[in-house]
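Working notes for the structure below.
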Amino acid sequence: MSAALETLRENVRTWLAGNAPKDWREAATHEAFVTGQRQWFGKLVAAGYAIPHWPAGWQGGGRSLAEQKVIYEELARADAPRLLLSFVSTYHVFATLQECGNDAQRARYLPAILEGETWCQGFSEPGAGSDLAAIKTRGERRGDVYVVNGQKLWSTMAQYADKCLLLVRTSSEGAKQAGLTYLLMDMKAPGVTVRPIHQIQGDEEFAEIFLDNVEVPLAERVGEEGAGWAVAQATLSSERGLTLMELGYRMRGSMGLLTDLIRKSGKAGDAGVLRELGRLSAQVDATCALADRFLHNRITGAEQVGDASIVKNSYSRTLRAWADLGVRVGGLLEQYRKPITFGDLNTGNWMADFMNSYAWTIAGGSEEVQRNIIAERMLEMPREPKSWVA
Amino acid sequence: MSMDRTELRDSARKAFGASSATGDAAGNWAKLSEMGWFMMTVPEAQGGLGLGSEAHAIIHYELGRALVPGPVIAQMMLVEALAATGQSDLLDRAMAGGKMTASLALPTEDDVIEAVPDADVASHVLVTRQGAIRVVPLDRCTIAAQPTWDETRRLFDVRPPSASDGVVIAHGQAAEQLRTSLLLQMLLALSADSLGGAEAALAMTVDYLKTRRQFDRPLAMFQALKHRVADLKIAHSAAEALLWDRAAGRPSLALMGSLKTHCTEAFRLIAEDCIQLHGGIGLTQEHPCHLFFKRAMLNCALGGDAFHWEEIAGRAVMETTG
Ligand SMILES: Cc1cc2nc3c(=O)[nH]c(=O)nc-3n(C[C@H](O)[C@H](O)[C@H](O)COP(=O)(O)OP(=O)(O)OC[C@H]3O[C@@H](n4cnc5c(N)ncnc54)[C@H](O)[C@@H]3O)c2cc1C
């Protein structure tokens with residue numbers, strides 16, 4: 001490793017030793033979680049480690065791939081909290097505005113993100129999950145606003161969000177993808193109601209959003225009217241690919257939780273357990289290598305359709321396998337319910353982590369949908385004929 | 001993979017064509033020596049091309065893809081051993097394509113050296129025993145052909161006349177080091193060979209599903225099959241990313257062993273599904289499915305199996321983590 005990278009690693013490590021929150025896993029209430037997340041994000045921004053994947057010109061942006069790796073590795077090593085509350089803002093919003101937004105939108109929203117403005121993603125609806133283009137929430141153009149009516153579902157952290165990436169239907173003519181428009185909505189606008197939903201592990205991580213005559217100014221449209229589907233692809237590609245370098249390295253950093261458990265449970269000499277651990281560690285390393293390669297291809301413009309789907313499925317399965325090994329090694333004791341750590345994927349609370357791993361096999365387009373993309377768009381296998389009639 | 005490596009890959013691809021066993025062992029061997037690949041990793045000062053292990057992996061990837069027969073992995077190990085120990089006469093012969101060989105099994109303290117490719121036509125064999133590494137002329141050894149299921153490769157059991165026969169090229173600490181570097185090289189080669197084979201088998205299967213029709217449509221239209229193929233693609237991509245990552249670094253034996261296991265298992269998974277997805281024709285000798293399958297199974301067994309390497313990798317994780 002080059003001297004410059006070694007220096008960066010030293011700097012990050014020293015900084016984390018003095019600044020990374022220690023007791024965040026004990027933050028039991030949502031208020032404590034939200035406050036903790038905001039403070040931690042603010043510190044990371046100031047230190048220049050919050051957005052290594054943004055381009056140069058931003059505080060800590062413009063990092064090379066190797067530098068990003070170092071930062072994520074050190075964050076994982078320090079067991080620093082994951083930035084769940086700023087996740088959509090720093091990845092999804094950034095990628096969407098970067099690729100499809102206009103200068104005014106970038107100038108207004110990107111700096112605000114660094115000051116703590118948080119976002120949620122309002123794509124899914126009760127009748128439109130995997131079939132995202134089937135959304136029904138309507139955006140009606142009236143003068144210089146869109147008036148929005150409908151309902152969004154499964155929107156992560158919507159209850160704390162200031163803004164929302166919103167996909168609406170502005171036309172029902174032609175192909176269903178052609179009638180979609182992409183808006184940036186203020187969550188504090190009149191007519192927005194949020195209702196949190198209890199997730200499988202008992203937490204309220206996502207929410208429903210009800211939209212009742214909400215007015216969104218025309219200036220808050222990303223891309224042209226009717227071009228929403230293409231803009232949404234930019235958001236999804238970021239969710240499926242860009243985010244995974246950080247997540248992969250965090251999973252790798254969490255291998256220690258597993259080895260601790262193996263030691264504690266007296267199975268450190270068990271050849272069967274060691275083999276599973278050995279196999280898993282290769283899988284984890286492969287996922288990290290895949291995420292590295294994805295980012296490299298993205299930066300050099302060599303990204304291909306389906307690449308992000310491959311990284312996402314590889315990560316989500318490996319995450320499942322990681323948590324599953326913990327559940328099995330921990331045995332009966334893992335079936336005793338323990339208080340959960342809100343918002344993290346690798347906590348060592350194995351049953352909670354295992355249940356949470358479904359977040360990545362379902363959210364952002366399920367495993368099955370990614371497989372369709374790989375088969376049909378990457379390997380160019382034919383689509384099934386639309387012969388079914390209701 | 002870096003840009004100058006793509007050149008190497010493209011020239012290999014041109015030389016060996018698309019997938020399918022060419023079967024012409026002699027012709028392939030001649031091509032390999034003409035292209036200078038036996039001198040690829042030898043330092044320039046010793047008359048080689050001075051390329052690193054990434055280049056080495058690229059070549060084996062392409063050889064695997066085209067199911068090229070012959071003892072290339074063994075030859076490269078011998079070349080490495082001769083270069084590391086300054087045996088220039090033998091080295092020059094080996095770099096020029098003079099066939100020499102080495103065992104592709106993990107070394108044991110047995111009298112018999114197992115899994116030695118092409119021992120009947122090679123001049124020398126590399127022998128690791130009793131803390132020393134020797135180069136032994138094969139005309140003094142007892143050689144027993146062992147027909148293997150994988151017909152793209154020919155393996156032999158070799159019994160050297162005595163434990164002290166041949167030229168000692170390293171002993172003690174130096175032999176231990178050399179043994180490790182040869183093992184690393186073999187494991188990397190087997191990993192690359194496997195993923196090359198896996199790539200070809202998968203491409204062949206996708207093509208077949210697009211052309212074969214049942215129930216009035218191409219098989220490729222059925223989602224159950226698309227999803228299986230997508231899974232194979234994911235398995236291959238992940239293993240390949242790991243391969244290039246580790247080929248470019250300096251992994252420990254534990255990490256290289258787990259790479260070999262990961263890649264050979266991916267090959268096996270893909271080769272097995274390749275047969276299943278081809279249906280009846282996949283179970284015949286007329287169709288190349290079986291060649292990939294048998295090569296995959298042999299690669300799983302060569303150089304130490306999954307039981308061996310996964311346990312070592314697990315132990316290494318326990319020692320370095322937490
Ligand atoms: C933890 C979590 C967080 C989320 N966060 C957000 C968020 O912030 N914003 C947002 O907009 N959405 C979010 N989602 C929603 C997510 O994108 C959807 O849940 C997902 O796209 C699947 O849609 P669905 O739940 O309606 O399932 P369905 O589409 O009804 O699918 C049910 C099952 O059928 C399978 N299936 C569906 N179609 C096909 C097909 N064509 N071929 C084969 N199988 C198929 C699916 O894979 C799945 O297994 C989140 C979801 C989760 C679980």
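Every chain in the structure tokens has a letter given in the order shown (A, B, ...), and although residue numbers restart at 1 in each chain, ligands are simply numbered from 1 in the order shown.
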Can you pull out every residue within 10 Å of stretch 303-315 of chain A, counting only C-alpha atoms, but drop anything in the same chain fewer than 5 positions away, and send it as number ranges by chain? A: 236-245, 247-248, 251, 283-284, 286-298, 320-321, 357, 360-361, 364-379; B: 230-231, 233-238
As a PyMOL selection string, please: every residue in stretch 11-162 of chain B that DSSP puts in strand (DSSP E or B). chain B and resi 100-102+113-117+124-129+132-137+142-146+155-159
Output file for the selection above: N, CA and C atoms, as a PDB file, in the first residue's frame:
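Once everything was written out, this is again21.pdb:
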ATOM      1  N   MET B 100       8.473 -30.657 -18.775  1.00  0.00           N
ATOM      2  CA  MET B 100       8.819 -31.143 -17.438  1.00  0.00           C
ATOM      3  C   MET B 100       7.547 -31.070 -16.615  1.00  0.00           C
ATOM      4  N   THR B 101       7.523 -31.761 -15.497  1.00  0.00           N
ATOM      5  CA  THR B 101       6.240 -31.857 -14.811  1.00  0.00           C
ATOM      6  C   THR B 101       6.394 -31.876 -13.298  1.00  0.00           C
ATOM      7  N   ALA B 102       5.297 -31.730 -12.632  1.00  0.00           N
ATOM      8  CA  ALA B 102       5.278 -31.733 -11.164  1.00  0.00           C
ATOM      9  C   ALA B 102       3.923 -32.251 -10.716  1.00  0.00           C
ATOM     10  N   ILE B 113       4.441 -40.425  -5.923  1.00  0.00           N
ATOM     11  CA  ILE B 113       3.965 -39.059  -6.127  1.00  0.00           C
ATOM     12  C   ILE B 113       2.748 -39.136  -7.025  1.00  0.00           C
ATOM     13  N   GLU B 114       1.628 -38.629  -6.518  1.00  0.00           N
ATOM     14  CA  GLU B 114       0.374 -38.784  -7.250  1.00  0.00           C
ATOM     15  C   GLU B 114       0.080 -37.587  -8.134  1.00  0.00           C
ATOM     16  N   ALA B 115      -0.788 -37.830  -9.077  1.00  0.00           N
ATOM     17  CA  ALA B 115      -1.345 -36.761  -9.934  1.00  0.00           C
ATOM     18  C   ALA B 115      -0.256 -35.949 -10.623  1.00  0.00           C
ATOM     19  N   VAL B 116       0.617 -36.643 -11.350  1.00  0.00           N
ATOM     20  CA  VAL B 116       1.658 -35.974 -12.128  1.00  0.00           C
ATOM     21  C   VAL B 116       1.223 -35.979 -13.596  1.00  0.00           C
ATOM     22  N   PRO B 117       0.967 -34.815 -14.174  1.00  0.00           N
ATOM     23  CA  PRO B 117       0.501 -34.785 -15.561  1.00  0.00           C
ATOM     24  C   PRO B 117       1.599 -35.153 -16.555  1.00  0.00           C
ATOM     25  N   HIS B 124      11.611 -34.444 -16.815  1.00  0.00           N
ATOM     26  CA  HIS B 124      11.919 -34.381 -15.396  1.00  0.00           C
ATOM     27  C   HIS B 124      10.651 -34.182 -14.574  1.00  0.00           C
ATOM     28  N   VAL B 125      10.770 -34.532 -13.310  1.00  0.00           N
ATOM     29  CA  VAL B 125       9.661 -34.260 -12.401  1.00  0.00           C
ATOM     30  C   VAL B 125      10.204 -33.590 -11.142  1.00  0.00           C
ATOM     31  N   LEU B 126       9.383 -32.706 -10.606  1.00  0.00           N
ATOM     32  CA  LEU B 126       9.751 -32.013  -9.374  1.00  0.00           C
ATOM     33  C   LEU B 126       9.289 -32.863  -8.197  1.00  0.00           C
ATOM     34  N   VAL B 127      10.192 -33.123  -7.268  1.00  0.00           N
ATOM     35  CA  VAL B 127       9.843 -33.977  -6.140  1.00  0.00           C
ATOM     36  C   VAL B 127      10.104 -33.240  -4.824  1.00  0.00           C
ATOM     37  N   THR B 128       9.092 -33.157  -3.998  1.00  0.00           N
ATOM     38  CA  THR B 128       9.250 -32.541  -2.670  1.00  0.00           C
ATOM     39  C   THR B 128       9.214 -33.648  -1.646  1.00  0.00           C
ATOM     40  N   ARG B 129      10.307 -33.867  -0.986  1.00  0.00           N
ATOM     41  CA  ARG B 129      10.277 -34.938   0.020  1.00  0.00           C
ATOM     42  C   ARG B 129      11.399 -34.753   1.029  1.00  0.00           C
ATOM     43  N   ALA B 132      13.441 -31.569   1.299  1.00  0.00           N
ATOM     44  CA  ALA B 132      14.224 -31.077   0.164  1.00  0.00           C
ATOM     45  C   ALA B 132      13.371 -31.076  -1.096  1.00  0.00           C
ATOM     46  N   ILE B 133      13.727 -30.224  -2.036  1.00  0.00           N
ATOM     47  CA  ILE B 133      13.054 -30.237  -3.338  1.00  0.00           C
ATOM     48  C   ILE B 133      14.084 -30.624  -4.379  1.00  0.00           C
ATOM     49  N   ARG B 134      13.729 -31.616  -5.183  1.00  0.00           N
ATOM     50  CA  ARG B 134      14.649 -32.164  -6.169  1.00  0.00           C
ATOM     51  C   ARG B 134      14.035 -32.159  -7.558  1.00  0.00           C
ATOM     52  N   VAL B 135      14.903 -32.137  -8.563  1.00  0.00           N
ATOM     53  CA  VAL B 135      14.443 -32.373  -9.925  1.00  0.00           C
ATOM     54  C   VAL B 135      14.977 -33.737 -10.330  1.00  0.00           C
ATOM     55  N   VAL B 136      14.069 -34.637 -10.619  1.00  0.00           N
ATOM     56  CA  VAL B 136      14.460 -36.028 -10.884  1.00  0.00           C
ATOM     57  C   VAL B 136      14.171 -36.376 -12.343  1.00  0.00           C
ATOM     58  N   PRO B 137      15.156 -36.932 -13.077  1.00  0.00           N
ATOM     59  CA  PRO B 137      14.889 -37.369 -14.451  1.00  0.00           C
ATOM     60  C   PRO B 137      13.836 -38.466 -14.447  1.00  0.00           C
ATOM     61  N   THR B 142       9.657 -45.061 -11.891  1.00  0.00           N
ATOM     62  CA  THR B 142       8.596 -45.974 -12.306  1.00  0.00           C
ATOM     63  C   THR B 142       7.324 -45.142 -12.503  1.00  0.00           C
ATOM     64  N   ILE B 143       6.733 -45.320 -13.657  1.00  0.00           N
ATOM     65  CA  ILE B 143       5.576 -44.485 -13.992  1.00  0.00           C
ATOM     66  C   ILE B 143       4.352 -45.357 -14.241  1.00  0.00           C
ATOM     67  N   ALA B 144       3.277 -45.059 -13.549  1.00  0.00           N
ATOM     68  CA  ALA B 144       2.032 -45.804 -13.777  1.00  0.00           C
ATOM     69  C   ALA B 144       0.949 -44.866 -14.262  1.00  0.00           C
ATOM     70  N   ALA B 145       0.452 -45.107 -15.463  1.00  0.00           N
ATOM     71  CA  ALA B 145      -0.631 -44.277 -15.996  1.00  0.00           C
ATOM     72  C   ALA B 145      -1.887 -44.515 -15.167  1.00  0.00           C
ATOM     73  N   GLN B 146      -2.598 -43.452 -14.819  1.00  0.00           N
ATOM     74  CA  GLN B 146      -3.862 -43.578 -14.096  1.00  0.00           C
ATOM     75  C   GLN B 146      -4.951 -42.934 -14.932  1.00  0.00           C
ATOM     76  N   LEU B 155      -2.975 -38.091 -16.120  1.00  0.00           N
ATOM     77  CA  LEU B 155      -2.278 -38.124 -14.836  1.00  0.00           C
ATOM     78  C   LEU B 155      -1.573 -39.455 -14.602  1.00  0.00           C
ATOM     79  N   PHE B 156      -0.475 -39.386 -13.878  1.00  0.00           N
ATOM     80  CA  PHE B 156       0.354 -40.567 -13.617  1.00  0.00           C
ATOM     81  C   PHE B 156       0.764 -40.620 -12.161  1.00  0.00           C
ATOM     82  N   ASP B 157       1.003 -41.851 -11.696  1.00  0.00           N
ATOM     83  CA  ASP B 157       1.676 -42.010 -10.410  1.00  0.00           C
ATOM     84  C   ASP B 157       3.144 -42.240 -10.710  1.00  0.00           C
ATOM     85  N   VAL B 158       3.994 -41.525 -10.013  1.00  0.00           N
ATOM     86  CA  VAL B 158       5.431 -41.621 -10.284  1.00  0.00           C
ATOM     87  C   VAL B 158       6.142 -42.076  -9.023  1.00  0.00           C
ATOM     88  N   ARG B 159       7.035 -43.089  -9.198  1.00  0.00           N
ATOM     89  CA  ARG B 159       7.827 -43.543  -8.058  1.00  0.00           C
ATOM     90  C   ARG B 159       9.306 -43.344  -8.391  1.00  0.00           C
TER      91      ARG B 159
END
Return as JSON, numbers by chain the residues belonging to chain B that are within 9 Å of chain A, counting only C-alpha atoms. {"B": [203, 206, 209, 210, 218, 220, 221, 222, 223, 226, 227, 228, 229, 230, 231, 233, 234, 235, 237, 238, 239, 240, 241, 242, 243, 244, 245, 255, 258, 259, 261, 262, 306, 307, 308, 309, 310, 311, 312, 313, 314, 315, 316, 317, 318, 319, 320, 321, 322]}
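Between atom CA of A:Glu205 and atom CA of A:Gly127 the separation is 20.6 Å.
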With only C-alpha atoms as the counted atoms, please give the residues lying no more than 12 Å from A:Gly143, apart from itself and same-chain residues fewer than 5 positions off, as a compact mmCIF listing (two decimals) with all heavy atoms, in the first residue's frame.
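The result, written out as selection29.txt:
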# COMPACT_ATOMS: atom_id res chain seq x y z
N GLU A 215 -48.91 19.90 -2.69
CA GLU A 215 -48.44 20.70 -3.82
C GLU A 215 -46.92 20.66 -3.91
O GLU A 215 -46.22 20.97 -2.96
CB GLU A 215 -48.91 22.16 -3.67
CG GLU A 215 -50.43 22.26 -3.74
CD GLU A 215 -50.92 23.71 -3.80
OE1 GLU A 215 -50.07 24.62 -3.66
OE2 GLU A 215 -52.13 23.91 -4.00
N VAL A 216 -46.45 20.24 -5.08
CA VAL A 216 -45.00 20.22 -5.33
C VAL A 216 -44.71 21.15 -6.50
O VAL A 216 -45.25 20.96 -7.60
CB VAL A 216 -44.51 18.79 -5.68
CG1 VAL A 216 -43.00 18.78 -5.94
CG2 VAL A 216 -44.88 17.80 -4.58
N PRO A 217 -43.88 22.19 -6.28
CA PRO A 217 -43.59 23.14 -7.36
C PRO A 217 -42.97 22.46 -8.58
O PRO A 217 -42.21 21.50 -8.42
CB PRO A 217 -42.60 24.12 -6.72
CG PRO A 217 -42.74 23.93 -5.24
CD PRO A 217 -43.22 22.54 -5.02
N LEU A 218 -43.25 22.99 -9.75
CA LEU A 218 -42.68 22.43 -11.00
C LEU A 218 -41.15 22.40 -10.97
O LEU A 218 -40.53 21.51 -11.54
CB LEU A 218 -43.12 23.29 -12.20
CG LEU A 218 -44.55 23.16 -12.69
CD1 LEU A 218 -44.70 23.87 -14.03
CD2 LEU A 218 -44.96 21.71 -12.82
N ALA A 219 -40.57 23.39 -10.29
CA ALA A 219 -39.11 23.47 -10.23
C ALA A 219 -38.51 22.26 -9.51
O ALA A 219 -37.31 22.01 -9.61
CB ALA A 219 -38.67 24.74 -9.53
Exercise answer, 6 Å around ligand 1 with only C-alpha atoms and all ligand atoms, as a ChimeraX atom specification: /A:120-124,128-130,154-156,359,362-369
Writer output for current selection, N, CA, C and O atoms, as a PDB file, in the first residue's frame:
ATOM      1  N   CYS A 120     -36.108  10.562   2.296  1.00  0.00           N
ATOM      2  CA  CYS A 120     -36.589   9.192   2.167  1.00  0.00           C
ATOM      3  C   CYS A 120     -36.949   8.957   0.698  1.00  0.00           C
ATOM      4  O   CYS A 120     -36.927   9.886  -0.111  1.00  0.00           O
ATOM      5  N   GLN A 121     -37.221   7.691   0.386  1.00  0.00           N
ATOM      6  CA  GLN A 121     -37.500   7.324  -0.998  1.00  0.00           C
ATOM      7  C   GLN A 121     -38.937   6.842  -1.101  1.00  0.00           C
ATOM      8  O   GLN A 121     -39.305   5.830  -0.494  1.00  0.00           O
ATOM      9  N   GLY A 122     -39.766   7.548  -1.857  1.00  0.00           N
ATOM     10  CA  GLY A 122     -41.176   7.181  -1.990  1.00  0.00           C
ATOM     11  C   GLY A 122     -41.468   6.611  -3.362  1.00  0.00           C
ATOM     12  O   GLY A 122     -41.996   7.297  -4.242  1.00  0.00           O
ATOM     13  N   PHE A 123     -41.102   5.373  -3.541  1.00  0.00           N
ATOM     14  CA  PHE A 123     -41.374   4.690  -4.810  1.00  0.00           C
ATOM     15  C   PHE A 123     -42.527   3.701  -4.658  1.00  0.00           C
ATOM     16  O   PHE A 123     -43.543   3.798  -5.321  1.00  0.00           O
ATOM     17  N   SER A 124     -42.339   2.729  -3.734  1.00  0.00           N
ATOM     18  CA  SER A 124     -43.285   1.609  -3.636  1.00  0.00           C
ATOM     19  C   SER A 124     -44.674   2.044  -3.192  1.00  0.00           C
ATOM     20  O   SER A 124     -44.831   3.029  -2.465  1.00  0.00           O
ATOM     21  N   ALA A 128     -47.866  -1.593  -6.157  1.00  0.00           N
ATOM     22  CA  ALA A 128     -46.697  -1.484  -7.029  1.00  0.00           C
ATOM     23  C   ALA A 128     -45.425  -1.702  -6.225  1.00  0.00           C
ATOM     24  O   ALA A 128     -44.896  -0.791  -5.601  1.00  0.00           O
ATOM     25  N   GLY A 129     -45.003  -2.962  -6.181  1.00  0.00           N
ATOM     26  CA  GLY A 129     -43.759  -3.306  -5.500  1.00  0.00           C
ATOM     27  C   GLY A 129     -42.727  -3.652  -6.550  1.00  0.00           C
ATOM     28  O   GLY A 129     -42.093  -2.775  -7.132  1.00  0.00           O
ATOM     29  N   SER A 130     -42.629  -4.947  -6.845  1.00  0.00           N
ATOM     30  CA  SER A 130     -41.715  -5.366  -7.900  1.00  0.00           C
ATOM     31  C   SER A 130     -42.103  -4.726  -9.234  1.00  0.00           C
ATOM     32  O   SER A 130     -41.260  -4.347 -10.027  1.00  0.00           O
ATOM     33  N   TRP A 154     -43.659   1.317   2.629  1.00  0.00           N
ATOM     34  CA  TRP A 154     -42.308   0.782   2.932  1.00  0.00           C
ATOM     35  C   TRP A 154     -41.214   1.837   2.806  1.00  0.00           C
ATOM     36  O   TRP A 154     -40.099   1.524   2.421  1.00  0.00           O
ATOM     37  N   SER A 155     -41.527   3.053   3.105  1.00  0.00           N
ATOM     38  CA  SER A 155     -40.528   4.093   2.899  1.00  0.00           C
ATOM     39  C   SER A 155     -39.641   4.195   4.144  1.00  0.00           C
ATOM     40  O   SER A 155     -40.084   4.617   5.208  1.00  0.00           O
ATOM     41  N   THR A 156     -38.394   3.763   3.979  1.00  0.00           N
ATOM     42  CA  THR A 156     -37.473   3.677   5.111  1.00  0.00           C
ATOM     43  C   THR A 156     -37.197   5.052   5.698  1.00  0.00           C
ATOM     44  O   THR A 156     -36.871   5.989   4.972  1.00  0.00           O
ATOM     45  N   ALA A 359     -34.107  -7.421   4.568  1.00  0.00           N
ATOM     46  CA  ALA A 359     -34.208  -6.063   4.037  1.00  0.00           C
ATOM     47  C   ALA A 359     -33.471  -6.000   2.708  1.00  0.00           C
ATOM     48  O   ALA A 359     -33.913  -5.332   1.775  1.00  0.00           O
ATOM     49  N   ILE A 362     -35.111  -8.168  -0.257  1.00  0.00           N
ATOM     50  CA  ILE A 362     -36.403  -7.675  -0.761  1.00  0.00           C
ATOM     51  C   ILE A 362     -36.320  -6.212  -1.208  1.00  0.00           C
ATOM     52  O   ILE A 362     -36.738  -5.865  -2.310  1.00  0.00           O
ATOM     53  N   ALA A 363     -35.750  -5.357  -0.343  1.00  0.00           N
ATOM     54  CA  ALA A 363     -35.748  -3.924  -0.663  1.00  0.00           C
ATOM     55  C   ALA A 363     -34.879  -3.627  -1.884  1.00  0.00           C
ATOM     56  O   ALA A 363     -33.994  -4.397  -2.230  1.00  0.00           O
ATOM     57  N   GLY A 364     -35.185  -2.485  -2.520  1.00  0.00           N
ATOM     58  CA  GLY A 364     -34.376  -2.069  -3.668  1.00  0.00           C
ATOM     59  C   GLY A 364     -34.562  -2.961  -4.882  1.00  0.00           C
ATOM     60  O   GLY A 364     -33.738  -2.980  -5.787  1.00  0.00           O
ATOM     61  N   GLY A 365     -35.651  -3.721  -4.908  1.00  0.00           N
ATOM     62  CA  GLY A 365     -35.878  -4.696  -5.977  1.00  0.00           C
ATOM     63  C   GLY A 365     -35.446  -6.055  -5.465  1.00  0.00           C
ATOM     64  O   GLY A 365     -34.270  -6.261  -5.146  1.00  0.00           O
ATOM     65  N   SER A 366     -36.395  -6.997  -5.357  1.00  0.00           N
ATOM     66  CA  SER A 366     -36.120  -8.281  -4.708  1.00  0.00           C
ATOM     67  C   SER A 366     -35.078  -9.083  -5.487  1.00  0.00           C
ATOM     68  O   SER A 366     -34.784  -8.801  -6.641  1.00  0.00           O
ATOM     69  N   GLU A 367     -34.582 -10.115  -4.831  1.00  0.00           N
ATOM     70  CA  GLU A 367     -33.634 -11.047  -5.453  1.00  0.00           C
ATOM     71  C   GLU A 367     -34.149 -11.560  -6.788  1.00  0.00           C
ATOM     72  O   GLU A 367     -33.399 -11.699  -7.746  1.00  0.00           O
ATOM     73  N   GLU A 368     -35.456 -11.888  -6.801  1.00  0.00           N
ATOM     74  CA  GLU A 368     -36.043 -12.458  -8.013  1.00  0.00           C
ATOM     75  C   GLU A 368     -36.031 -11.430  -9.141  1.00  0.00           C
ATOM     76  O   GLU A 368     -35.758 -11.759 -10.299  1.00  0.00           O
ATOM     77  N   VAL A 369     -36.329 -10.192  -8.780  1.00  0.00           N
ATOM     78  CA  VAL A 369     -36.344  -9.145  -9.800  1.00  0.00           C
ATOM     79  C   VAL A 369     -34.922  -8.902 -10.342  1.00  0.00           C
ATOM     80  O   VAL A 369     -34.719  -8.718 -11.544  1.00  0.00           O
TER      81      VAL A 369
END
Figure out the distance between atom CA of A:Glu208 and atom CA of A:Gly139, please, to one decimal in Å. 17.9 Å
For the structure I just gave you, how does DSSP split stretch 106-296 of chain A - specifically, which residues are helix (DSSP H, G or I)? Reply as number ranges by chain. A: 106-114, 132-134, 158-160, 176-179, 218-220, 228-242, 244-253, 255-264, 271-296
Quick one: everything within 9 Å of B:Leu82, counting only C-alpha atoms, minus sequence neighbours fewer than 5 positions away in the same chain. Send it as a PDB file with N, CA and C atoms, in the first residue's frame.
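As a result, out12.pdb now contains:
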ATOM      1  N   MET B  77       5.045 -24.591 -12.716  1.00  0.00           N
ATOM      2  CA  MET B  77       5.603 -24.786 -11.373  1.00  0.00           C
ATOM      3  C   MET B  77       7.084 -25.131 -11.463  1.00  0.00           C
ATOM      4  N   GLN B  87      18.729 -22.731 -11.611  1.00  0.00           N
ATOM      5  CA  GLN B  87      19.121 -23.905 -12.427  1.00  0.00           C
ATOM      6  C   GLN B  87      19.007 -23.532 -13.901  1.00  0.00           C
ATOM      7  N   SER B  88      20.025 -22.834 -14.437  1.00  0.00           N
ATOM      8  CA  SER B  88      19.789 -22.205 -15.733  1.00  0.00           C
ATOM      9  C   SER B  88      19.675 -23.171 -16.924  1.00  0.00           C
ATOM     10  N   LEU B  90      18.490 -26.343 -17.133  1.00  0.00           N
ATOM     11  CA  LEU B  90      17.142 -26.932 -17.152  1.00  0.00           C
ATOM     12  C   LEU B  90      16.093 -25.855 -17.392  1.00  0.00           C
ATOM     13  N   LEU B  91      16.313 -24.695 -16.800  1.00  0.00           N
ATOM     14  CA  LEU B  91      15.352 -23.598 -16.956  1.00  0.00           C
ATOM     15  C   LEU B  91      15.212 -23.208 -18.424  1.00  0.00           C
ATOM     16  N   ALA B  94      13.179 -25.763 -20.164  1.00  0.00           N
ATOM     17  CA  ALA B  94      11.749 -25.713 -19.799  1.00  0.00           C
ATOM     18  C   ALA B  94      11.064 -24.495 -20.414  1.00  0.00           C
ATOM     19  N   VAL B 135      14.903 -32.137  -8.563  1.00  0.00           N
ATOM     20  CA  VAL B 135      14.443 -32.373  -9.925  1.00  0.00           C
ATOM     21  C   VAL B 135      14.977 -33.737 -10.330  1.00  0.00           C
ATOM     22  N   ILE B 169      17.498 -29.000  -5.492  1.00  0.00           N
ATOM     23  CA  ILE B 169      17.552 -27.571  -5.832  1.00  0.00           C
ATOM     24  C   ILE B 169      17.266 -26.685  -4.618  1.00  0.00           C
TER      25      ILE B 169
END
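Atom to atom, atom CA of B:Lys14 and atom CA of B:Leu51 stand 19.8 Å apart.
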Rank A:Tyr160, A:Arg138, A:Arg108, A:Ala227 by their smallest atom-to-atom distance to A:Tyr182, using only C-alpha atoms, and report the top residue only. A:Ala227
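With distances restricted to only C-alpha atoms, A:Leu114 is the closest residue to A:Phe41 from A:Ala95, A:Leu114, A:Leu5, A:Leu325.
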